[in-house]
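Dumped protein_1.pdb below, it's PDB, C-alpha atoms:
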```pdb
ATOM      1  CA  MET A   1     234.281-117.603 -37.271
ATOM      2  CA  SER A   2     234.939-114.144 -35.850
ATOM      3  CA  LEU A   3     238.135-112.387 -36.928
ATOM      4  CA  THR A   4     241.036-112.318 -34.471
ATOM      5  CA  GLU A   5     243.381-109.369 -33.939
ATOM      6  CA  PHE A   6     245.851-109.660 -36.811
ATOM      7  CA  PRO A   7     243.403-110.670 -39.554
ATOM      8  CA  LEU A   8     241.187-107.801 -38.354
ATOM      9  CA  ILE A   9     244.033-105.307 -38.786
ATOM     10  CA  GLN A  10     245.000-106.788 -42.149
ATOM     11  CA  ARG A  11     241.454-106.670 -43.501
ATOM     12  CA  PHE A  12     240.330-103.221 -42.379
ATOM     13  CA  PHE A  13     243.413-101.074 -41.753
ATOM     14  CA  THR A  14     246.158-101.972 -44.251
ATOM     15  CA  GLN A  15     244.456-101.028 -47.508
ATOM     16  CA  GLN A  16     245.394 -97.337 -47.403
ATOM     17  CA  ARG A  17     246.501 -95.874 -50.747
ATOM     18  CA  VAL A  18     248.404 -92.846 -49.409
ATOM     19  CA  LYS A  19     252.095 -93.357 -48.670
ATOM     20  CA  ASN A  20     253.841 -90.391 -47.102
ATOM     21  CA  PRO A  21     257.495 -90.295 -48.267
ATOM     22  CA  LEU A  22     258.589 -89.748 -44.657
ATOM     23  CA  THR A  23     257.102 -93.090 -43.573
ATOM     24  CA  ALA A  24     260.063 -95.472 -43.807
ATOM     25  CA  LEU A  25     258.186 -98.391 -42.195
ATOM     26  CA  GLY A  26     254.497 -98.532 -41.334
ATOM     27  CA  ILE A  27     252.105-101.248 -40.153
ATOM     28  CA  GLY A  28     253.515-104.762 -39.863
ATOM     29  CA  ASP A  29     256.458-104.547 -37.461
ATOM     30  CA  ASP A  30     256.946-103.916 -33.743
ATOM     31  CA  CYS A  31     257.456-100.189 -34.382
ATOM     32  CA  ALA A  32     257.004 -97.766 -37.245
ATOM     33  CA  LEU A  33     259.974 -95.822 -38.577
ATOM     34  CA  LEU A  34     259.623 -92.164 -39.572
ATOM     35  CA  SER A  35     262.044 -89.671 -41.045
ATOM     36  CA  VAL A  36     262.025 -86.129 -39.639
ATOM     37  CA  PRO A  37     263.485 -83.599 -42.113
ATOM     38  CA  GLU A  38     266.233 -81.302 -40.960
ATOM     39  CA  GLY A  39     264.879 -78.002 -39.667
ATOM     40  CA  TYR A  40     261.579 -79.476 -38.436
ATOM     41  CA  GLN A  41     260.176 -80.626 -35.125
ATOM     42  CA  LEU A  42     257.719 -83.450 -34.504
ATOM     43  CA  ALA A  43     254.364 -82.371 -33.054
ATOM     44  CA  VAL A  44     252.608 -85.195 -31.178
ATOM     45  CA  THR A  45     249.051 -85.319 -29.792
ATOM     46  CA  THR A  46     246.751 -88.030 -28.409
ATOM     47  CA  ASP A  47     242.966 -88.114 -28.015
ATOM     48  CA  THR A  48     240.647 -90.798 -26.667
ATOM     49  CA  MET A  49     236.915 -91.115 -27.359
ATOM     50  CA  VAL A  50     234.791 -93.303 -25.090
ATOM     51  CA  GLU A  51     231.263 -94.508 -25.864
ATOM     52  CA  ASN A  52     228.610 -92.633 -23.825
ATOM     53  CA  VAL A  53     231.198 -90.011 -22.828
ATOM     54  CA  HIS A  54     232.374 -88.554 -26.155
ATOM     55  CA  PHE A  55     229.810 -90.131 -28.468
ATOM     56  CA  PHE A  56     226.381 -91.694 -28.201
ATOM     57  CA  ALA A  57     225.911 -95.449 -28.210
ATOM     58  CA  GLY A  58     224.919 -96.520 -31.700
ATOM     59  CA  ALA A  59     226.715 -93.595 -33.375
ATOM     60  CA  ASP A  60     227.229 -93.982 -37.114
ATOM     61  CA  PRO A  61     230.639 -95.739 -37.377
ATOM     62  CA  GLU A  62     231.712 -93.982 -40.587
ATOM     63  CA  GLN A  63     231.071 -90.578 -39.016
ATOM     64  CA  LEU A  64     232.798 -91.764 -35.848
ATOM     65  CA  GLY A  65     235.918 -92.823 -37.751
ATOM     66  CA  HIS A  66     236.052 -89.429 -39.465
ATOM     67  CA  LYS A  67     235.529 -87.511 -36.228
ATOM     68  CA  LEU A  68     238.118 -89.495 -34.271
ATOM     69  CA  LEU A  69     240.808 -88.544 -36.751
ATOM     70  CA  ALA A  70     239.480 -85.005 -37.242
ATOM     71  CA  VAL A  71     239.834 -84.061 -33.566
ATOM     72  CA  ASN A  72     243.487 -85.110 -33.642
ATOM     73  CA  LEU A  73     244.232 -83.303 -36.890
ATOM     74  CA  SER A  74     242.618 -80.240 -35.290
ATOM     75  CA  ASP A  75     245.193 -80.373 -32.490
ATOM     76  CA  LEU A  76     247.988 -80.456 -35.060
ATOM     77  CA  ALA A  77     246.361 -77.538 -36.895
ATOM     78  CA  SER A  78     246.366 -75.461 -33.729
ATOM     79  CA  MET A  79     250.166 -75.820 -33.601
ATOM     80  CA  GLY A  80     250.603 -74.984 -37.278
ATOM     81  CA  ALA A  81     251.815 -78.553 -37.910
ATOM     82  CA  ARG A  82     251.398 -80.398 -41.186
ATOM     83  CA  PRO A  83     249.958 -83.883 -40.485
ATOM     84  CA  LEU A  84     252.341 -86.773 -41.077
ATOM     85  CA  SER A  85     251.007 -90.025 -39.614
ATOM     86  CA  VAL A  86     248.793 -91.549 -36.930
ATOM     87  CA  THR A  87     248.482 -94.621 -34.749
ATOM     88  CA  LEU A  88     245.111 -96.111 -33.812
ATOM     89  CA  ALA A  89     244.158 -98.123 -30.724
ATOM     90  CA  LEU A  90     240.742 -99.811 -30.726
ATOM     91  CA  THR A  91     239.059-101.383 -27.718
ATOM     92  CA  LEU A  92     236.058-103.291 -29.044
ATOM     93  CA  PRO A  93     233.309-105.135 -27.167
ATOM     94  CA  SER A  94     233.090-107.597 -30.097
ATOM     95  CA  VAL A  95     234.222-107.947 -33.701
ATOM     96  CA  ASP A  96     231.487-106.453 -35.865
ATOM     97  CA  GLU A  97     232.736-106.588 -39.444
ATOM     98  CA  ALA A  98     230.105-104.205 -40.835
ATOM     99  CA  TRP A  99     230.931-101.669 -38.095
ATOM    100  CA  LEU A 100     234.678-101.983 -38.731
ATOM    101  CA  SER A 101     234.227-101.581 -42.485
ATOM    102  CA  ALA A 102     232.278 -98.338 -42.059
ATOM    103  CA  PHE A 103     234.583 -97.023 -39.310
ATOM    104  CA  SER A 104     237.734 -97.641 -41.340
ATOM    105  CA  LYS A 105     236.113 -95.996 -44.389
ATOM    106  CA  GLY A 106     235.503 -92.778 -42.441
ATOM    107  CA  PHE A 107     238.905 -92.834 -40.745
ATOM    108  CA  LEU A 108     241.015 -93.672 -43.782
ATOM    109  CA  GLY A 109     239.010 -91.379 -46.059
ATOM    110  CA  LEU A 110     240.007 -88.346 -44.005
ATOM    111  CA  ALA A 111     243.556 -89.683 -43.658
ATOM    112  CA  GLU A 112     243.931 -89.853 -47.427
ATOM    113  CA  GLN A 113     242.467 -86.362 -47.786
ATOM    114  CA  HIS A 114     245.381 -85.006 -45.724
ATOM    115  CA  SER A 115     248.057 -87.475 -46.936
ATOM    116  CA  VAL A 116     248.304 -89.067 -43.498
ATOM    117  CA  ASP A 117     249.616 -92.607 -43.059
ATOM    118  CA  LEU A 118     248.187 -95.019 -40.492
ATOM    119  CA  ILE A 119     251.456 -96.529 -39.223
ATOM    120  CA  GLY A 120     250.387 -98.797 -36.354
ATOM    121  CA  GLY A 121     248.350 -99.159 -33.190
ATOM    122  CA  ASP A 122     246.644-101.826 -31.120
ATOM    123  CA  THR A 123     243.385-103.730 -30.780
ATOM    124  CA  THR A 124     241.921-105.267 -27.652
ATOM    125  CA  SER A 125     238.549-106.291 -26.222
ATOM    126  CA  GLY A 126     236.501-104.221 -23.768
ATOM    127  CA  PRO A 127     234.080-101.259 -23.660
ATOM    128  CA  LEU A 128     234.168 -99.315 -26.935
ATOM    129  CA  THR A 129     237.122 -96.917 -26.644
ATOM    130  CA  LEU A 130     238.985 -95.273 -29.527
ATOM    131  CA  THR A 131     242.418 -93.654 -29.242
ATOM    132  CA  VAL A 132     244.535 -91.894 -31.855
ATOM    133  CA  GLN A 133     248.048 -90.546 -31.589
ATOM    134  CA  ALA A 134     248.756 -88.056 -34.377
ATOM    135  CA  LEU A 135     252.142 -86.790 -35.511
ATOM    136  CA  GLY A 136     252.895 -83.727 -37.572
ATOM    137  CA  LEU A 137     255.797 -81.566 -38.683
ATOM    138  CA  VAL A 138     256.338 -77.918 -37.852
ATOM    139  CA  PRO A 139     259.341 -75.712 -38.746
ATOM    140  CA  LYS A 140     261.784 -75.734 -35.847
ATOM    141  CA  GLY A 141     260.994 -73.089 -33.242
ATOM    142  CA  LYS A 142     257.880 -71.869 -35.063
ATOM    143  CA  GLY A 143     255.123 -74.025 -33.588
ATOM    144  CA  LEU A 144     252.065 -72.036 -32.490
ATOM    145  CA  MET A 145     251.582 -72.221 -28.718
ATOM    146  CA  ARG A 146     249.148 -71.124 -26.019
ATOM    147  CA  SER A 147     251.723 -69.178 -24.017
ATOM    148  CA  THR A 148     252.643 -66.404 -26.461
ATOM    149  CA  ALA A 149     249.612 -64.068 -26.641
ATOM    150  CA  GLN A 150     250.481 -60.383 -26.164
ATOM    151  CA  PRO A 151     248.423 -57.446 -24.844
ATOM    152  CA  GLY A 152     246.972 -55.580 -27.820
ATOM    153  CA  ASP A 153     246.608 -58.737 -29.954
ATOM    154  CA  PHE A 154     243.350 -59.231 -31.789
ATOM    155  CA  ILE A 155     241.459 -62.374 -30.735
ATOM    156  CA  CYS A 156     240.228 -64.111 -33.875
ATOM    157  CA  LEU A 157     238.309 -67.195 -34.982
ATOM    158  CA  THR A 158     238.086 -69.303 -38.089
ATOM    159  CA  GLY A 159     234.552 -70.331 -39.047
ATOM    160  CA  CYS A 160     231.458 -70.083 -36.841
ATOM    161  CA  LEU A 161     230.750 -70.925 -33.203
ATOM    162  CA  GLY A 162     228.047 -73.099 -31.705
ATOM    163  CA  ASP A 163     226.958 -75.218 -34.661
ATOM    164  CA  ALA A 164     228.260 -78.455 -33.160
ATOM    165  CA  GLY A 165     226.733 -77.440 -29.824
ATOM    166  CA  LEU A 166     223.394 -77.027 -31.571
ATOM    167  CA  GLY A 167     223.891 -80.448 -33.136
ATOM    168  CA  LEU A 168     224.318 -81.900 -29.649
ATOM    169  CA  LYS A 169     221.155 -80.111 -28.477
ATOM    170  CA  ILE A 170     219.281 -81.700 -31.391
ATOM    171  CA  LYS A 171     220.623 -85.136 -30.467
ATOM    172  CA  GLN A 172     219.333 -84.478 -26.948
ATOM    173  CA  GLY A 173     215.835 -83.612 -28.170
ATOM    174  CA  TYR A 174     215.786 -79.942 -29.248
ATOM    175  CA  VAL A 175     213.595 -79.546 -32.347
ATOM    176  CA  CYS A 176     214.266 -77.061 -35.168
ATOM    177  CA  ASN A 177     213.524 -76.966 -38.874
ATOM    178  CA  GLN A 178     214.978 -79.700 -41.055
ATOM    179  CA  THR A 179     217.504 -77.544 -42.914
ATOM    180  CA  HIS A 180     218.958 -76.124 -39.698
ATOM    181  CA  SER A 181     218.912 -79.550 -38.083
ATOM    182  CA  GLU A 182     220.851 -81.179 -40.921
ATOM    183  CA  ALA A 183     223.473 -78.415 -40.975
ATOM    184  CA  ALA A 184     224.028 -78.531 -37.206
ATOM    185  CA  LEU A 185     224.199 -82.324 -37.068
ATOM    186  CA  ALA A 186     226.743 -82.306 -39.910
ATOM    187  CA  ARG A 187     228.989 -79.994 -37.889
ATOM    188  CA  PHE A 188     228.608 -82.183 -34.793
ATOM    189  CA  ASN A 189     229.132 -85.527 -36.522
ATOM    190  CA  HIS A 190     231.562 -84.565 -39.272
ATOM    191  CA  PRO A 191     233.909 -81.731 -38.177
ATOM    192  CA  ASN A 192     236.406 -80.280 -40.614
ATOM    193  CA  PRO A 193     239.887 -79.861 -39.069
ATOM    194  CA  GLN A 194     241.362 -76.479 -39.984
ATOM    195  CA  VAL A 195     244.706 -77.841 -41.191
ATOM    196  CA  GLU A 196     245.315 -75.290 -43.964
ATOM    197  CA  ALA A 197     244.317 -72.412 -41.699
ATOM    198  CA  GLY A 198     246.826 -73.579 -39.101
ATOM    199  CA  LEU A 199     249.588 -73.633 -41.710
ATOM    200  CA  ALA A 200     248.572 -70.142 -42.879
ATOM    201  CA  LEU A 201     248.987 -68.801 -39.330
ATOM    202  CA  LEU A 202     252.677 -69.717 -39.066
ATOM    203  CA  ASP A 203     254.907 -66.624 -38.745
ATOM    204  CA  ILE A 204     251.785 -64.452 -38.345
ATOM    205  CA  ALA A 205     249.767 -65.476 -35.263
ATOM    206  CA  ASN A 206     251.181 -65.162 -31.755
ATOM    207  CA  ALA A 207     249.115 -67.859 -30.005
ATOM    208  CA  CYS A 208     246.576 -70.466 -31.083
ATOM    209  CA  ILE A 209     244.270 -73.201 -29.777
ATOM    210  CA  ASP A 210     241.468 -75.283 -31.266
ATOM    211  CA  ILE A 211     237.903 -74.990 -29.971
ATOM    212  CA  SER A 212     237.191 -78.451 -28.589
ATOM    213  CA  ASP A 213     235.767 -77.693 -25.118
ATOM    214  CA  GLY A 214     234.143 -74.318 -25.832
ATOM    215  CA  LEU A 215     235.470 -70.826 -26.603
ATOM    216  CA  LEU A 216     235.579 -69.620 -23.002
ATOM    217  CA  ALA A 217     237.390 -72.722 -21.761
ATOM    218  CA  ASP A 218     239.878 -72.891 -24.616
ATOM    219  CA  LEU A 219     240.593 -69.167 -24.789
ATOM    220  CA  GLY A 220     241.026 -69.393 -21.021
ATOM    221  CA  HIS A 221     243.942 -71.782 -21.562
ATOM    222  CA  ILE A 222     245.675 -69.179 -23.739
ATOM    223  CA  LEU A 223     245.090 -66.464 -21.154
ATOM    224  CA  GLU A 224     246.344 -68.591 -18.267
ATOM    225  CA  GLN A 225     249.492 -69.738 -20.007
ATOM    226  CA  SER A 226     250.225 -66.308 -21.502
ATOM    227  CA  GLN A 227     249.406 -64.548 -18.194
ATOM    228  CA  VAL A 228     247.081 -62.064 -19.869
ATOM    229  CA  GLY A 229     243.348 -61.313 -20.028
ATOM    230  CA  ALA A 230     240.802 -60.594 -22.733
ATOM    231  CA  ARG A 231     237.833 -58.477 -23.716
ATOM    232  CA  ILE A 232     235.247 -60.284 -25.879
ATOM    233  CA  ASP A 233     232.303 -58.563 -27.583
ATOM    234  CA  TRP A 234     229.344 -60.932 -27.939
ATOM    235  CA  GLU A 235     227.971 -59.050 -30.941
ATOM    236  CA  LEU A 236     231.178 -59.850 -32.866
ATOM    237  CA  LEU A 237     230.841 -63.629 -32.519
ATOM    238  CA  PRO A 238     230.478 -65.396 -35.892
ATOM    239  CA  LEU A 239     227.144 -67.221 -35.594
ATOM    240  CA  SER A 240     225.341 -69.183 -38.284
ATOM    241  CA  GLU A 241     221.645 -68.733 -38.999
ATOM    242  CA  PRO A 242     220.753 -72.027 -37.239
ATOM    243  CA  VAL A 243     222.561 -70.899 -34.076
ATOM    244  CA  LYS A 244     220.948 -67.451 -34.220
ATOM    245  CA  GLY A 245     217.579 -69.159 -34.573
ATOM    246  CA  TYR A 246     218.255 -71.332 -31.534
ATOM    247  CA  ILE A 247     219.238 -68.286 -29.446
ATOM    248  CA  ASN A 248     216.137 -66.367 -30.542
ATOM    249  CA  GLU A 249     213.903 -69.286 -29.547
ATOM    250  CA  THR A 250     215.569 -70.187 -26.242
ATOM    251  CA  CYS A 251     217.331 -66.973 -25.104
ATOM    252  CA  ASP A 252     220.339 -69.242 -24.411
ATOM    253  CA  TRP A 253     222.924 -66.770 -25.687
ATOM    254  CA  THR A 254     225.783 -68.442 -23.775
ATOM    255  CA  MET A 255     225.560 -71.703 -25.766
ATOM    256  CA  PRO A 256     228.054 -70.737 -28.518
ATOM    257  CA  LEU A 257     230.501 -69.579 -25.836
ATOM    258  CA  ILE A 258     230.574 -72.833 -23.878
ATOM    259  CA  ALA A 259     229.642 -75.557 -26.392
ATOM    260  CA  GLY A 260     232.470 -77.758 -27.609
ATOM    261  CA  ASP A 261     233.193 -79.792 -30.743
ATOM    262  CA  ASP A 262     233.420 -76.861 -33.175
ATOM    263  CA  TYR A 263     237.121 -77.575 -33.916
ATOM    264  CA  GLU A 264     237.675 -74.092 -35.279
ATOM    265  CA  LEU A 265     240.871 -72.232 -34.419
ATOM    266  CA  CYS A 266     241.027 -69.384 -31.907
ATOM    267  CA  PHE A 267     244.184 -67.347 -32.368
ATOM    268  CA  THR A 268     245.727 -64.057 -31.366
ATOM    269  CA  VAL A 269     247.559 -61.797 -33.787
ATOM    270  CA  SER A 270     249.051 -58.333 -33.587
ATOM    271  CA  PRO A 271     247.162 -55.600 -35.500
ATOM    272  CA  GLU A 272     250.241 -55.129 -37.690
ATOM    273  CA  LYS A 273     250.342 -58.787 -38.766
ATOM    274  CA  ALA A 274     246.582 -59.269 -39.025
ATOM    275  CA  VAL A 275     246.667 -57.539 -42.422
ATOM    276  CA  LEU A 276     248.977 -60.322 -43.684
ATOM    277  CA  LEU A 277     246.396 -63.070 -43.178
ATOM    278  CA  LYS A 278     245.231 -64.639 -46.454
ATOM    279  CA  MET A 279     242.331 -66.617 -44.952
ATOM    280  CA  PRO A 280     238.820 -65.843 -43.696
ATOM    281  CA  PHE A 281     238.651 -64.978 -39.994
ATOM    282  CA  THR A 282     236.581 -62.961 -37.537
ATOM    283  CA  LYS A 283     237.940 -60.616 -34.879
ATOM    284  CA  ILE A 284     235.948 -61.086 -31.643
ATOM    285  CA  GLY A 285     238.002 -59.191 -29.079
ATOM    286  CA  VAL A 286     241.366 -58.003 -27.805
ATOM    287  CA  ILE A 287     244.022 -59.381 -25.460
ATOM    288  CA  GLU A 288     244.486 -57.181 -22.384
ATOM    289  CA  ALA A 289     247.060 -57.115 -19.584
ATOM    290  CA  LEU A 290     244.439 -57.452 -16.838
ATOM    291  CA  PRO A 291     243.754 -61.183 -16.157
ATOM    292  CA  GLN A 292     240.451 -63.027 -16.816
ATOM    293  CA  ILE A 293     237.872 -62.797 -19.607
ATOM    294  CA  ARG A 294     235.565 -59.798 -19.718
ATOM    295  CA  LEU A 295     232.562 -60.456 -21.928
ATOM    296  CA  TYR A 296     230.444 -57.542 -23.088
ATOM    297  CA  LYS A 297     226.939 -57.914 -24.530
ATOM    298  CA  SER A 298     225.015 -54.833 -25.648
ATOM    299  CA  GLY A 299     227.782 -52.796 -24.040
ATOM    300  CA  GLN A 300     227.237 -54.381 -20.611
ATOM    301  CA  LEU A 301     229.781 -56.520 -18.756
ATOM    302  CA  GLN A 302     228.316 -59.990 -18.237
ATOM    303  CA  SER A 303     228.804 -62.420 -15.376
ATOM    304  CA  LEU A 304     230.209 -65.770 -16.556
ATOM    305  CA  THR A 305     229.311 -68.825 -14.486
ATOM    306  CA  SER A 306     230.135 -71.638 -16.924
ATOM    307  CA  LYS A 307     233.238 -71.867 -19.065
ATOM    308  CA  GLY A 308     232.826 -75.085 -21.020
ATOM    309  CA  TYR A 309     233.436 -78.812 -20.769
ATOM    310  CA  GLU A 310     235.898 -80.365 -18.320
ATOM    311  CA  HIS A 311     236.502 -84.040 -17.614
ATOM    312  CA  PHE A 312     235.955 -85.081 -13.979
ATOM    313  CA  SER A 313     234.067 -81.843 -13.206
TER     314      SER A 313
END
```

Show me this structure written as structure tokens.
Amino acid sequence: MSLTEFPLIQRFFTQQRVKNPLTALGIGDDCALLSVPEGYQLAVTTDTMVENVHFFAGADPEQLGHKLLAVNLSDLASMGARPLSVTLALTLPSVDEAWLSAFSKGFLGLAEQHSVDLIGGDTTSGPLTLTVQALGLVPKGKGLMRSTAQPGDFICLTGCLGDAGLGLKIKQGYVCNQTHSEAALARFNHPNPQVEAGLALLDIANACIDISDGLLADLGHILEQSQVGARIDWELLPLSEPVKGYINETCDWTMPLIAGDDYELCFTVSPEKAVLLKMPFTKIGVIEALPQIRLYKSGQLQSLTSKGYEHFS
């Protein structure tokens, strides 16, 4: 007989070994109870992934569980918040025990890696839809925001751009050599949230955002909310060898600018404080007072027609 809601939760989502000391009460009651230390604020974010919108039908459930949590931890990282706990809501077309076992393995494996407790959620029947609410702690008044970039700031990135976008291209039929294909698909299916980098940016960076919808779109949010503009130099973009190979073959040099799912951090920092950073990063441009993004390639100002992914567009 197929599992019903509460046995399903008990079997697949209550075996977590990590227990955050700030979790006073987790799964098993009508609400969870959390302690927030004095001098800290609670950072809260929610993301939903829908089959055939955010992931392909038949996606590997273990990778899907990892990615669902990773995208939420990435949001916390962009605020400089240390992850605390998460809730999970699952809408399932049917109870597939093998799928749930693999999904929970990927989800809880990443949770344990970052000492995150799963403290509750919901399950229901319907088209496959996955929702996480993630909570983190940030020192009071020090959370990194989108609205605090300043003219003269360096625009910087952790990691490389476009690898997850290349992974999506491969899923859609683009063919490249096996080594490049495996690396790109790993970045697309199994992103690494930049939690430690986000913590390292506290008291140093002025503004920050994670790259989920593409560099141009996400940097654009910083510029809009900070009421500033930017100059970006294409030659400064950190690109992996697989992405460079794709650009050489296709001449699609805009892909790393507009592709999403990289989950790296884009941040702005004053030149004076940039020297204090104890983490790898790449400077790709400068914040300017004049609005909009100005992208230069080979010294020439480029026209930008696409800025990344938007729902309902």

- [ ] Provide the atom CA of A:Gln63 to atom CA of A:Leu100 distance in Å, to one decimal place.
- [x] 12.0 Å

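Using all atoms listed in the file for every distance, the candidate list A:Gly165, A:Gly285, A:Gly121, A:Gly173 yields A:Gly165 as the residue closest to A:Ala259.
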
- [ ] Apply the PyMOL selection byres ((chain A and resi 77) around 12) to the structure shown and report the selected residues as a ChimeraX atom specification.
- [x] /A:43-45,70-76,78-84,114,134-138,143-145,158,192-202,208-211,263-267

- [ ] Find the spatial neighbours of A:Val175, counting all atoms listed in the file, within a cut-off of 12 Å - ignore same-chain residues fewer than 4 positions away - and output them as a ChimeraX atom specification.
- [x] /A:166-171,179-182,184-185,242,245-246,249-250

- [ ] Report the distance between atom CA of A:Ile119 and atom CA of A:Gly28 in Å, rounded to one decimal place.
- [x] 8.5 Å

Please write as a PDB file with C-alpha atoms, keeping the file's coordinate frame the full residue list that the PyMOL selection byres ((chain A and resi 299) around 12) yields on this file.
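Dumped to part04.pdb:
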```
ATOM      1  CA  ARG A 231     237.833 -58.477 -23.716  1.00  0.00           C
ATOM      2  CA  ILE A 232     235.247 -60.284 -25.879  1.00  0.00           C
ATOM      3  CA  ASP A 233     232.303 -58.563 -27.583  1.00  0.00           C
ATOM      4  CA  TRP A 234     229.344 -60.932 -27.939  1.00  0.00           C
ATOM      5  CA  GLU A 235     227.971 -59.050 -30.941  1.00  0.00           C
ATOM      6  CA  LEU A 236     231.178 -59.850 -32.866  1.00  0.00           C
ATOM      7  CA  ARG A 294     235.565 -59.798 -19.718  1.00  0.00           C
ATOM      8  CA  LEU A 295     232.562 -60.456 -21.928  1.00  0.00           C
ATOM      9  CA  TYR A 296     230.444 -57.542 -23.088  1.00  0.00           C
ATOM     10  CA  LYS A 297     226.939 -57.914 -24.530  1.00  0.00           C
ATOM     11  CA  SER A 298     225.015 -54.833 -25.648  1.00  0.00           C
ATOM     12  CA  GLN A 300     227.237 -54.381 -20.611  1.00  0.00           C
ATOM     13  CA  LEU A 301     229.781 -56.520 -18.756  1.00  0.00           C
ATOM     14  CA  GLN A 302     228.316 -59.990 -18.237  1.00  0.00           C
TER      15      GLN A 302
END
```

TODO: Would you kindly translate the PyMOL selection byres ((chain A and resi 261) around 6) into the concrete residues it picks from this file, as a PyMOL selection string?
DONE: chain A and resi 164+212+260+262-263

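You will find atom CA of A:Ala207 at 22.8 Å from atom CA of A:Gln133.
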
TODO: Might you pull out every residue within 8 Å of A:Leu110, with only C-alpha atoms counted and same-chain residues fewer than 3 positions away left off, and present them as number ranges by chain?
DONE: A: 66, 69-70, 106-107, 113-114

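Proximity of A:Lys19, A:Lys273, A:Arg146, A:Lys283 to A:Glu112, computed with all atoms listed in the file, is greatest for A:Lys19.
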